[in-house]
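Shown next: entry.txt, containing compact mmCIF, C-alpha atoms.
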```txt
# COMPACT_ATOMS: atom_id res chain seq x y z
CA MET A 89 126.80 91.86 19.37
CA VAL A 90 124.16 94.40 20.33
CA ARG A 91 124.14 97.76 18.56
CA TYR A 92 122.01 100.83 19.17
CA TYR A 93 121.01 103.56 16.73
CA ASN A 94 118.60 106.47 16.56
CA ASP A 95 116.36 107.50 13.70
CA SER A 96 114.40 110.75 14.00
CA THR A 97 114.70 110.93 17.79
CA THR A 98 117.16 112.21 20.37
CA TYR A 99 116.41 109.34 22.78
CA ARG A 100 119.49 107.81 24.39
CA LEU A 101 119.37 104.44 26.09
CA ARG A 102 121.49 104.48 29.23
CA GLU A 103 123.77 101.63 30.34
CA LYS A 104 124.02 100.00 26.94
CA ARG A 105 126.80 97.60 27.94
CA LYS A 106 124.82 96.35 30.94
CA ILE A 107 121.76 95.88 28.76
CA ALA A 108 123.77 93.94 26.17
CA ALA A 109 125.14 91.64 28.92
CA TRP A 110 121.61 91.14 30.24
CA LEU A 111 120.25 90.33 26.78
CA LYS A 112 123.01 87.75 26.32
CA CYS A 113 121.85 86.12 29.57
CA VAL A 114 118.23 86.21 28.37
CA ALA A 115 119.13 84.48 25.09
CA ASP A 116 121.24 81.91 26.98
CA GLU A 117 118.38 81.24 29.39
CA GLU A 118 116.04 80.72 26.43
CA GLY A 119 118.49 78.23 24.91
CA TYR A 120 119.99 80.48 22.23
CA THR A 121 123.14 82.43 21.47
CA LEU A 122 122.84 86.17 20.99
CA GLY A 123 124.07 87.08 17.52
CA ASP A 124 123.84 90.47 15.81
CA VAL A 125 120.94 92.40 17.32
CA THR A 126 120.39 96.01 16.36
CA TYR A 127 118.04 98.34 18.19
CA ILE A 128 116.83 101.39 16.31
CA PHE A 129 115.01 103.97 18.43
CA CYS A 130 112.67 106.13 16.36
CA SER A 131 109.76 108.55 16.41
CA SER A 132 106.11 107.50 16.25
CA GLU A 133 105.85 108.92 12.75
CA VAL A 134 108.73 106.82 11.38
CA HIS A 135 107.60 103.73 13.29
CA ARG A 136 103.97 103.98 12.10
CA LYS A 137 105.12 104.33 8.49
CA MET A 138 107.21 101.16 8.90
CA ASN A 139 104.22 99.39 10.41
CA ILE A 140 102.14 100.34 7.36
CA ASP A 141 104.85 99.63 4.76
CA PHE A 142 106.22 96.34 6.11
CA ILE A 143 103.40 94.78 8.10
CA GLY A 144 100.30 96.39 6.62
CA HIS A 145 99.02 97.72 9.96
CA ASP A 146 97.94 101.35 10.13
CA TYR A 147 98.36 102.03 13.84
CA PHE A 148 100.97 102.90 16.44
CA THR A 149 102.87 100.14 18.19
CA ASP A 150 105.88 100.16 20.48
CA ILE A 151 108.05 97.59 18.69
CA ILE A 152 108.61 96.00 15.30
CA THR A 153 111.03 93.09 15.14
CA PHE A 154 112.67 91.87 11.93
CA ASP A 155 113.91 88.38 12.74
CA TYR A 156 116.99 86.99 10.96
CA SER A 157 117.56 84.19 13.48
CA ASP A 158 118.64 80.63 12.82
CA ARG A 159 116.78 78.93 15.65
CA LYS A 160 116.89 75.44 14.14
CA GLY A 161 120.53 75.26 13.00
CA THR A 162 123.06 77.24 14.98
CA ARG A 163 120.43 78.54 17.46
CA VAL A 164 121.82 82.05 16.99
CA VAL A 165 119.28 84.86 17.31
CA SER A 166 119.74 87.98 15.22
CA GLY A 167 117.56 90.80 14.02
CA ASP A 168 116.68 94.46 13.77
CA ILE A 169 114.37 95.80 16.47
CA PHE A 170 112.68 99.14 15.90
CA ILE A 171 111.30 100.85 19.01
CA ASP A 172 108.90 103.81 18.98
CA VAL A 173 110.16 105.82 21.96
CA GLU A 174 107.05 108.02 22.08
CA THR A 175 104.66 105.06 22.30
CA VAL A 176 106.87 103.42 24.95
CA ALA A 177 106.68 106.63 27.03
CA ASP A 178 102.89 106.77 26.56
CA ASN A 179 102.57 103.12 27.60
CA ALA A 180 104.66 103.73 30.72
CA ARG A 181 102.15 106.36 31.81
CA ILE A 182 99.18 104.12 30.95
CA TYR A 183 100.58 101.09 32.81
CA GLY A 184 102.00 103.05 35.76
CA ALA A 185 105.58 102.03 35.04
CA THR A 186 108.65 104.21 34.93
CA ALA A 187 109.85 105.19 31.46
CA ARG A 188 113.05 103.20 32.09
CA GLU A 189 111.23 100.05 33.16
CA GLU A 190 108.85 100.17 30.20
CA MET A 191 111.77 100.66 27.81
CA LEU A 192 113.59 97.67 29.32
CA ARG A 193 110.38 95.63 28.98
CA VAL A 194 110.16 96.49 25.28
CA VAL A 195 113.88 95.86 24.73
CA VAL A 196 113.63 92.34 26.19
CA HIS A 197 110.33 91.78 24.37
CA GLY A 198 112.24 92.12 21.09
CA VAL A 199 114.85 89.53 22.06
CA LEU A 200 112.12 87.17 23.24
CA HIS A 201 110.55 87.44 19.78
CA LEU A 202 113.92 86.57 18.27
CA CYS A 203 114.02 83.54 20.56
CA GLY A 204 110.72 82.40 19.06
CA GLN A 205 108.27 83.68 21.69
CA LYS A 206 104.96 84.70 20.12
CA ASP A 207 102.31 87.07 21.50
CA LYS A 208 99.40 86.97 19.06
CA SER A 209 97.01 84.82 21.10
CA PRO A 210 95.85 85.63 24.65
CA ARG A 211 97.71 82.59 26.00
CA ALA A 212 100.95 83.46 24.17
CA GLU A 213 100.62 87.10 25.27
CA LYS A 214 100.38 86.02 28.93
CA GLN A 215 103.44 83.80 28.49
CA MET A 216 105.35 86.70 26.91
CA HIS A 217 104.40 88.99 29.80
CA ARG A 218 105.54 86.38 32.36
CA LYS A 219 108.89 86.10 30.59
CA GLU A 220 109.27 89.89 30.43
CA ASP A 221 108.62 90.06 34.19
CA LYS A 222 111.10 87.26 34.84
CA TYR A 223 113.85 88.94 32.83
CA LEU A 224 113.16 92.40 34.25
CA ALA A 225 113.68 90.84 37.69
CA LEU A 226 116.93 89.31 36.40
CA TYR A 227 118.10 92.74 35.20
CA LYS A 228 117.41 94.22 38.64
CA GLN A 229 119.17 91.30 40.29
CA MET A 230 122.21 91.69 38.01
CA PHE A 231 122.58 95.46 38.07
CA ALA A 232 120.32 97.05 40.65
CA PRO A 233 119.86 94.63 43.56
CA GLU A 234 118.91 97.56 45.79
CA LEU A 235 115.69 97.89 43.76
CA GLU A 236 114.57 94.34 44.64
```
Translate this structure into structure tokens?
Amino acid sequence: MVRYYNDSTTYRLREKRKIAAWLKCVADEEGYTLGDVTYIFCSSEVHRKMNIDFIGHDYFTDIITFDYSDRKGTRVVSGDIFIDVETVADNARIYGATAREEMLRVVVHGVLHLCGQKDKSPRAEKQMHRKEDKYLALYKQMFAPELE
């Protein structure tokens, strides 16, 4: 089950049911079952404090994923995914993407982390980006074929 919450922001993700169905397909495609996944949309201030407190990094980032998955046993992916909506909006401008597309990219990025995809090396980062592109295309195919 996918849940969505806000912390210190008024951001509202549109089409939550469609996104949850898409994320289930992503997990299936990656060989996993989507378990309990919670998205928490928050401000840069809250997100940066979490980054400092839990990861020891003193900088802004768009996503922090807390992974509770059982990838070896039941192959069920679960976790809490915190998204800094301000940094996502900034990144959309930097990368020339729409705010919606960049948010979807970050949303699927979190599930890919839960499915075991890493992004700390240049090679792994390229693989992550390819998968994000693949699943963004799937989203468009599923729900907005006119955008293809």
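For the set A:Ser132, A:Gln215, A:Ser157, A:Ser209, the residue with the smallest atom-to-atom gap to Ala177 (chain A) is A:Ser132, counting all atoms listed in the file.
Between CA of Leu101 (chain A) and CA of Val176 (chain A) the separation is 12.6 Å.
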| task | Mind giving me the straight-line distance from CA of Arg159 (chain A) to CA of Val134 (chain A) in Å, one decimal? | result | 29.3 Å
| said: Between A:Met216, A:Glu174, A:Glu118, A:Gln205, which residue has the minimum interatomic distance to Arg193 (chain A), considering only C-alpha atoms? | reply: A:Met216
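Nearest to Val165 (chain A) of all the residues A:Thr149, A:Asn139, A:Thr186, A:Thr126 is A:Thr126, counting only C-alpha atoms.
Closest approach to Glu189 (chain A) from the set A:Leu202, A:Val164, A:Cys113, A:Ala225 is made by A:Ala225, with distances taken over all atoms listed in the file.
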| Polymer residues at most 8 Å from Tyr127 (chain A), all atoms listed in the file, same-chain spacing of 3 or more positions, as a ChimeraX atom specification | /A:90-93,168-171
Can you write just those residues out, C-alpha atoms, as a compact mmCIF listing (two decimals), in the frame of the given file?
```
# COMPACT_ATOMS: atom_id res chain seq x y z
CA VAL A 90 124.16 94.40 20.33
CA ARG A 91 124.14 97.76 18.56
CA TYR A 92 122.01 100.83 19.17
CA TYR A 93 121.01 103.56 16.73
CA ASP A 168 116.68 94.46 13.77
CA ILE A 169 114.37 95.80 16.47
CA PHE A 170 112.68 99.14 15.90
CA ILE A 171 111.30 100.85 19.01
```
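Nearest to Val173 (chain A) of all the residues A:Leu192, A:Ala232, A:Ile140, A:Ala109 is A:Leu192, based on all atoms listed in the file.
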